[in-house]
file target.cif (mmCIF, C-alpha atoms)
data_protein
#
loop_
_atom_site.label_atom_id
_atom_site.label_comp_id
_atom_site.auth_asym_id
_atom_site.auth_seq_id
_atom_site.Cartn_x
_atom_site.Cartn_y
_atom_site.Cartn_z
CA MET A 16 93.90 72.35 84.45
CA ARG A 17 96.02 74.86 82.60
CA VAL A 18 95.53 78.61 82.13
CA ASP A 19 97.52 80.37 79.39
CA ILE A 20 97.76 84.15 79.75
CA TRP A 21 98.85 86.34 76.84
CA SER A 22 99.97 89.77 78.02
CA ASP A 23 102.49 92.55 77.55
CA ILE A 24 104.41 94.45 80.22
CA SER A 25 103.45 97.79 78.68
CA CYS A 26 99.70 97.08 79.01
CA PRO A 27 98.07 98.60 82.12
CA TRP A 28 95.00 96.39 81.75
CA CYS A 29 97.25 93.32 81.76
CA PHE A 30 98.68 94.52 85.08
CA ILE A 31 95.19 94.99 86.50
CA GLY A 32 93.73 91.88 84.89
CA LYS A 33 96.47 89.67 86.27
CA ALA A 34 95.69 90.87 89.81
CA ARG A 35 91.98 90.15 89.33
CA PHE A 36 92.71 86.69 87.96
CA LYS A 37 95.05 86.02 90.87
CA LYS A 38 92.23 86.80 93.31
CA ALA A 39 89.91 84.42 91.49
CA LEU A 40 92.52 81.68 91.45
CA ALA A 41 93.25 82.10 95.16
CA ALA A 42 89.58 81.41 95.91
CA PHE A 43 89.26 78.53 93.43
CA PRO A 44 88.83 75.27 95.38
CA HIS A 45 90.97 73.29 92.91
CA ARG A 46 93.74 75.88 92.62
CA GLU A 47 96.47 73.35 93.51
CA HIS A 48 95.61 71.57 90.25
CA VAL A 49 95.90 74.71 88.08
CA GLU A 50 99.04 75.40 86.07
CA VAL A 51 99.43 79.04 84.98
CA VAL A 52 101.57 79.70 81.91
CA HIS A 53 102.39 83.25 80.83
CA ARG A 54 102.61 83.79 77.08
CA SER A 55 104.26 86.56 75.09
CA PHE A 56 102.34 89.24 73.21
CA GLU A 57 104.02 92.42 71.93
CA LEU A 58 101.69 95.37 71.56
CA ASP A 59 104.18 97.30 69.45
CA PRO A 60 106.83 94.90 68.11
CA HIS A 61 108.14 97.39 65.56
CA LEU A 62 108.91 100.12 68.05
CA THR A 63 112.62 100.95 67.93
CA GLU A 64 112.82 103.78 70.45
CA THR A 65 111.53 104.34 73.96
CA ARG A 66 108.82 106.99 74.15
CA SER A 67 107.19 108.89 76.92
CA THR A 68 103.61 108.00 77.82
CA THR A 69 102.98 110.93 80.13
CA ALA A 70 99.75 112.94 79.85
CA PRO A 71 100.78 115.03 76.78
CA ALA A 72 101.72 111.87 74.86
CA HIS A 73 98.46 110.20 75.86
CA ALA A 74 96.49 113.25 74.81
CA LYS A 75 98.05 113.18 71.34
CA LYS A 76 97.62 109.42 70.93
CA TYR A 77 93.96 109.24 71.93
CA GLY A 78 92.77 112.65 70.77
CA LEU A 79 92.19 113.94 74.30
CA THR A 80 92.90 117.21 75.99
CA PRO A 81 95.81 117.10 78.47
CA ALA A 82 93.27 117.34 81.29
CA GLN A 83 91.27 114.41 79.93
CA ALA A 84 94.42 112.33 79.47
CA ARG A 85 95.48 113.09 83.01
CA ALA A 86 92.05 112.16 84.36
CA ALA A 87 92.06 108.88 82.43
CA GLU A 88 95.48 107.96 83.76
CA GLU A 89 94.41 108.82 87.30
CA ASN A 90 91.39 106.59 86.82
CA LEU A 91 93.65 103.72 85.79
CA GLY A 92 95.70 104.39 88.89
CA ARG A 93 92.59 104.18 91.07
CA LEU A 94 91.58 100.88 89.49
CA ALA A 95 95.08 99.50 90.01
CA ARG A 96 95.25 100.60 93.64
CA ARG A 97 91.84 99.02 94.22
CA GLU A 98 93.52 95.73 93.33
CA GLY A 99 96.36 96.43 95.78
CA LEU A 100 98.81 97.51 93.06
CA GLY A 101 101.22 100.42 92.99
CA TYR A 102 100.70 102.76 90.05
CA LEU A 103 102.51 106.01 89.23
CA VAL A 104 100.46 108.40 87.15
CA ASP A 105 103.24 110.84 86.23
CA PHE A 106 105.94 108.54 84.91
CA ARG A 107 106.02 105.66 82.48
CA ASP A 108 107.91 104.96 79.28
CA HIS A 109 106.67 102.90 76.37
CA GLY A 110 109.14 100.83 74.38
CA ASN A 111 109.88 97.52 72.72
CA THR A 112 109.18 94.65 75.14
CA PHE A 113 110.88 91.86 73.17
CA ASP A 114 113.81 91.58 75.60
CA LEU A 115 111.46 91.50 78.57
CA HIS A 116 109.58 88.58 77.04
CA ARG A 117 112.83 86.75 76.28
CA LEU A 118 113.88 87.11 79.92
CA LEU A 119 110.49 85.81 81.03
CA HIS A 120 111.06 82.68 78.96
CA LEU A 121 114.46 82.29 80.61
CA ALA A 122 112.77 82.65 84.00
CA ALA A 123 110.23 79.99 83.02
CA THR A 124 113.04 77.45 82.63
CA ARG A 125 113.97 78.12 86.26
CA GLY A 126 110.46 78.18 87.69
CA LEU A 127 110.74 81.95 88.28
CA GLU A 128 108.44 83.32 85.58
CA GLU A 129 105.64 84.40 87.90
CA LYS A 130 108.03 86.21 90.21
CA LEU A 131 109.83 88.00 87.38
CA LEU A 132 106.59 89.00 85.69
CA ALA A 133 105.38 90.62 88.92
CA LEU A 134 108.68 92.51 89.24
CA PHE A 135 108.52 93.66 85.62
CA TYR A 136 104.98 94.96 86.07
CA GLU A 137 105.97 96.76 89.26
CA GLY A 138 109.07 98.11 87.57
CA ASN A 139 106.99 99.52 84.73
CA PHE A 140 103.98 100.89 86.55
CA ALA A 141 105.20 101.62 90.08
CA SER A 142 108.82 102.69 89.61
CA GLU A 143 110.32 105.97 88.43
CA ARG A 144 113.06 104.05 86.65
CA SER A 145 112.42 102.96 83.08
CA ILE A 146 111.74 99.26 82.59
CA TYR A 147 113.49 99.61 79.22
CA ASP A 148 116.82 100.35 80.91
CA PRO A 149 118.81 97.10 80.45
CA GLU A 150 120.48 97.56 83.84
CA HIS A 151 117.07 97.83 85.48
CA GLN A 152 116.03 94.63 83.70
CA VAL A 153 119.13 92.85 84.98
CA GLU A 154 118.53 94.03 88.55
CA LEU A 155 114.92 92.86 88.52
CA ALA A 156 115.86 89.51 87.01
CA VAL A 157 118.47 88.98 89.71
CA ARG A 158 115.92 89.93 92.38
CA ALA A 159 113.66 87.25 90.94
CA GLY A 160 116.43 84.71 91.50
CA LEU A 161 118.10 84.47 88.09
CA ASP A 162 121.85 84.38 87.62
CA GLU A 163 123.23 87.77 86.56
CA VAL A 164 125.76 86.33 84.11
CA GLU A 165 123.07 84.27 82.41
CA VAL A 166 120.69 87.23 82.25
CA ARG A 167 123.31 89.45 80.63
CA ALA A 168 124.15 86.69 78.15
CA VAL A 169 120.49 86.42 77.10
CA LEU A 170 120.16 90.17 76.67
CA ALA A 171 123.32 90.23 74.55
CA ASP A 172 122.10 87.43 72.29
CA LYS A 173 118.98 88.60 70.45
CA LEU A 174 118.29 85.06 69.28
CA ALA A 175 118.10 83.65 72.81
CA TYR A 176 114.48 82.60 73.46
CA ALA A 177 113.36 84.58 70.41
CA LYS A 178 111.66 81.56 68.85
CA LYS A 179 109.68 80.99 72.03
CA VAL A 180 108.40 84.56 71.96
CA ARG A 181 107.46 84.27 68.29
CA ARG A 182 105.77 80.91 68.91
CA ASP A 183 103.58 82.43 71.60
CA GLU A 184 102.62 85.28 69.30
CA ALA A 185 101.89 82.92 66.41
CA GLU A 186 99.60 80.83 68.60
CA ALA A 187 97.77 83.96 69.72
CA ALA A 188 97.24 84.88 66.06
CA GLN A 189 95.90 81.39 65.33
CA LEU A 190 93.39 81.80 68.14
CA GLY A 191 92.34 85.18 66.77
CA VAL A 192 93.70 87.09 69.74
CA THR A 193 94.10 90.75 68.77
CA GLY A 194 94.37 92.29 72.22
CA VAL A 195 95.55 91.56 75.71
CA PRO A 196 95.18 90.42 78.36
CA PHE A 197 93.75 87.18 77.03
CA PHE A 198 93.24 84.15 79.26
CA LEU A 199 92.74 80.66 77.82
CA VAL A 200 91.34 78.36 80.50
CA ASP A 201 91.99 74.67 79.86
CA GLY A 202 91.99 75.28 76.12
CA GLU A 203 88.21 75.80 76.29
CA TYR A 204 87.30 79.20 77.71
CA GLY A 205 88.90 82.38 76.45
CA VAL A 206 88.52 85.35 78.75
CA ALA A 207 89.18 88.58 76.87
CA GLY A 208 90.31 91.66 78.72
CA ALA A 209 90.66 92.67 82.36
CA GLN A 210 87.41 91.09 83.52
CA SER A 211 86.27 91.05 87.12
CA ALA A 212 87.51 88.45 89.59
CA GLU A 213 83.99 87.03 89.53
CA ALA A 214 84.10 86.53 85.76
CA PHE A 215 87.45 84.78 86.06
CA ALA A 216 86.07 82.59 88.84
CA GLU A 217 83.12 81.57 86.68
CA ALA A 218 85.41 80.68 83.79
CA LEU A 219 87.57 78.55 86.08
CA ASN A 220 84.55 76.76 87.50
CA ARG A 221 82.99 76.16 84.10
CA ALA A 222 86.20 74.83 82.61
CA TRP A 223 86.68 72.50 85.59
CA ALA A 224 83.14 71.15 85.35
CA ASP A 225 82.66 70.94 81.58
CA GLY A 226 84.07 68.43 79.13
CA ARG A 227 83.60 70.57 76.06
CA ARG A 228 86.38 71.11 73.55
CA ASP A 229 85.07 74.07 71.56
CA LEU A 230 86.50 77.48 72.38
CA VAL A 231 84.14 79.89 74.12
CA ILE A 232 85.20 83.54 74.40
CA VAL A 233 84.02 85.36 77.49
CA GLY A 234 83.87 89.15 77.48
CA ALA A 235 84.87 89.62 73.84
CA ASP A 236 82.38 92.45 73.39
CA ASP A 237 83.06 94.13 76.72
CA GLN A 238 86.74 93.96 77.41
CA ALA A 239 89.17 96.39 78.95
CA GLY A 240 92.52 95.78 77.38
CA CYS A 241 95.15 96.84 74.87
CA ASP A 242 95.00 95.95 71.19
CA ALA A 243 97.63 94.90 68.71
CA ASP A 244 98.32 98.41 67.42
CA GLY A 245 99.49 99.41 70.89
CA ALA A 246 96.35 101.30 71.89
CA CYS A 247 94.85 100.64 75.32
CA ASP A 248 91.31 101.35 76.44
CA VAL A 249 91.27 104.64 78.28
CA PRO A 250 88.78 104.57 81.16
CA PRO A 251 86.59 107.67 81.24
CA PRO A 252 86.82 109.59 84.51
CA ARG A 253 84.42 108.78 87.32
CA THR A 254 82.53 105.99 85.56
CA ALA A 255 82.04 102.32 86.32
CA GLU A 256 84.92 100.02 85.49
CA ARG A 257 85.03 98.46 82.08
CA GLY A 258 85.61 94.77 81.67
CA THR A 259 83.56 93.66 84.65
CA ALA A 260 80.72 91.95 82.81
CA PRO A 261 79.91 88.49 84.13
CA ALA A 262 80.75 85.49 81.99
CA ALA A 263 78.02 84.68 79.50
#
call {"tool": "encode", "arguments": {"input": "target.cif", "output": "structure tokens"}}
result
Amino acid sequence: MRVDIWSDISCPWCFIGKARFKKALAAFPHREHVEVVHRSFELDPHLTETRSTTAPAHAKKYGLTPAQARAAEENLGRLARREGLGYLVDFRDHGNTFDLHRLLHLAATRGLEEKLLALFYEGNFASERSIYDPEHQVELAVRAGLDEVEVRAVLADKLAYAKKVRRDEAEAAQLGVTGVPFFLVDGEYGVAGAQSAEAFAEALNRAWADGRRDLVIVGADDQAGCDADGACDVPPPRTAERGTAPAA
């Protein structure tokens, strides 16, 4: 069975959703027969400069007061830490993720995609160094096991793996995916947003048991994610988590 996951490094719900899915997969009795493929999705492909996403920037973007923006970011941090993830509330940049996706496709050819993706997420959400710094990208790629010379060559050549990124994005568009994270389980069950581990587990079990070939979207009306214009759901302070509805 195959699970395709469309996500972007800049999306906090992708970071959280991936951890929840990982928990579900670890408990899945047929996990050794599951292939996980990470697919590219750029939330803001036209962004040409790196911007701050600290509380004042969030407040302006979502029409919140600085205090509300801070509370929302702290809430995201709490949700992330609940999944065992590091999350810095006071520092994160937002920029063009095209190069990051190209490096992930390079890593996929070496069987290192999962490891590099985890390092990229940690580098973006749990590090005080910008993930959009090319030298930081190189260091993380080398930590994942990639060759430094090859990594630098890919970063220097904007055409390297570009078609693979665009192909992933085109397929997402064909499926009607307008936000991430989006999980396609065995080509049959689409799980939209950062659902609960239980919802992911149900999708895995259903896909394993069923022989259907029509696409069923789980959680489309109750998802916690980031949409194609770069906006991410902002969790209200001190409320129940979004995106934890059970699979229908």
call {"tool": "resolve_selection", "arguments": {"input": "target.cif", "expression": "the PyMOL selection byres ((chain A and resi 64) around 12)", "output": "compact mmCIF listing (two decimals) with C-alpha atoms, in the coordinates of the input"}}
result
# COMPACT_ATOMS: atom_id res chain seq x y z
CA ASP A 59 104.18 97.30 69.45
CA PRO A 60 106.83 94.90 68.11
CA HIS A 61 108.14 97.39 65.56
CA LEU A 62 108.91 100.12 68.05
CA THR A 63 112.62 100.95 67.93
CA THR A 65 111.53 104.34 73.96
CA ARG A 66 108.82 106.99 74.15
CA SER A 67 107.19 108.89 76.92
CA ASP A 108 107.91 104.96 79.28
CA HIS A 109 106.67 102.90 76.37
CA GLY A 110 109.14 100.83 74.38
CA ASN A 111 109.88 97.52 72.72
CA THR A 112 109.18 94.65 75.14
CA TYR A 147 113.49 99.61 79.22
CA ASP A 148 116.82 100.35 80.91
call {"tool": "axis_aligned_box", "arguments": {"input": "target.cif", "around": "segment 187-197 of chain A", "padding_each_side": "5 Å", "output": "JSON"}}
result
{"center_x": 95.1, "center_y": 86.8, "center_z": 71.8, "size_x": 15.4, "size_y": 20.9, "size_z": 23.0}
call {"tool": "closest_residue", "arguments": {"input": "target.cif", "among": "A:His120, A:Arg46, A:Arg107, A:Arg182", "to": "Tyr136 of chain A", "atoms": "all atoms listed in the file"}}
result
A:Arg107
call {"tool": "resolve_selection", "arguments": {"input": "target.cif", "expression": "the PyMOL selection byres ((chain A and resi 23) around 6)", "output": "list of chain:residue names"}}
result
A:Ser22, A:Ile24, A:Ser25, A:Cys26, A:Phe56, A:Glu57
call {"tool": "closest_residue", "arguments": {"input": "target.cif", "among": "A:Cys241, A:Leu199, A:Leu121, A:Arg17", "to": "Glu47 of chain A", "atoms": "only C-alpha atoms"}}
result
A:Arg17
call {"tool": "residues_near_point", "arguments": {"input": "target.cif", "point": "(86.9, 81.0, 84.8)", "cutoff": "12 Å", "atoms": "all atoms listed in the file", "output": "PyMOL selection string"}}
result
chain A and resi 16-19+35-40+42-43+45-46+49+198-207+210-225+231-234+261-263
call {"tool": "closest_residue", "arguments": {"input": "target.cif", "among": "A:Ala34, A:Pro196, A:Arg181, A:Ala84", "to": "Arg96 of chain A", "atoms": "only C-alpha atoms"}}
result
A:Ala34
call {"tool": "resolve_selection", "arguments": {"input": "target.cif", "expression": "the PyMOL selection byres ((chain A and resi 158-162) around 7)", "output": "CSV table (one decimal) with C-alpha atoms, keeping the file's coordinate frame"}}
result
chain,number,residue,atom,x,y,z
A,122,ALA,CA,112.8,82.6,84.0
A,127,LEU,CA,110.7,82.0,88.3
A,130,LYS,CA,108.0,86.2,90.2
A,131,LEU,CA,109.8,88.0,87.4
A,154,GLU,CA,118.5,94.0,88.6
A,155,LEU,CA,114.9,92.9,88.5
A,156,ALA,CA,115.9,89.5,87.0
A,157,VAL,CA,118.5,89.0,89.7
A,163,GLU,CA,123.2,87.8,86.6
A,164,VAL,CA,125.8,86.3,84.1
A,165,GLU,CA,123.1,84.3,82.4
A,166,VAL,CA,120.7,87.2,82.2
call {"tool": "atom_distance", "arguments": {"input": "target.cif", "atom1": "atom CA of Val104 of chain A", "atom2": "atom CA of Ala41 of chain A"}}
result
28.4 Å
call {"tool": "atom_distance", "arguments": {"input": "target.cif", "atom1": "atom CA of Val195 of chain A", "atom2": "atom CA of Asp172 of chain A"}}
result
27.1 Å
call {"tool": "residues_around", "arguments": {"input": "target.cif", "residues": "Ile146 of chain A", "least_positions_apart": "4", "cutoff": "8 Å", "atoms": "all atoms listed in the file", "output": "short mmCIF file (atom, residue, chain, number, x, y, z; two decimals) with C-alpha atoms, in the coordinates of the input"}}
result
data_model
loop_
_atom_site.label_atom_id
_atom_site.label_comp_id
_atom_site.auth_asym_id
_atom_site.auth_seq_id
_atom_site.Cartn_x
_atom_site.Cartn_y
_atom_site.Cartn_z
CA ASP A 108 107.91 104.96 79.28
CA PHE A 135 108.52 93.66 85.62
CA GLY A 138 109.07 98.11 87.57
CA ASN A 139 106.99 99.52 84.73
CA HIS A 151 117.07 97.83 85.48
CA GLN A 152 116.03 94.63 83.70
#
call {"tool": "atom_distance", "arguments": {"input": "target.cif", "atom1": "atom CA of Glu143 of chain A", "atom2": "atom CA of Asp105 of chain A"}}
result
8.9 Å
call {"tool": "closest_residue", "arguments": {"input": "target.cif", "among": "A:His48, A:His116, A:Phe30, A:Pro81", "to": "Asp183 of chain A", "atoms": "all atoms listed in the file"}}
result
A:His116
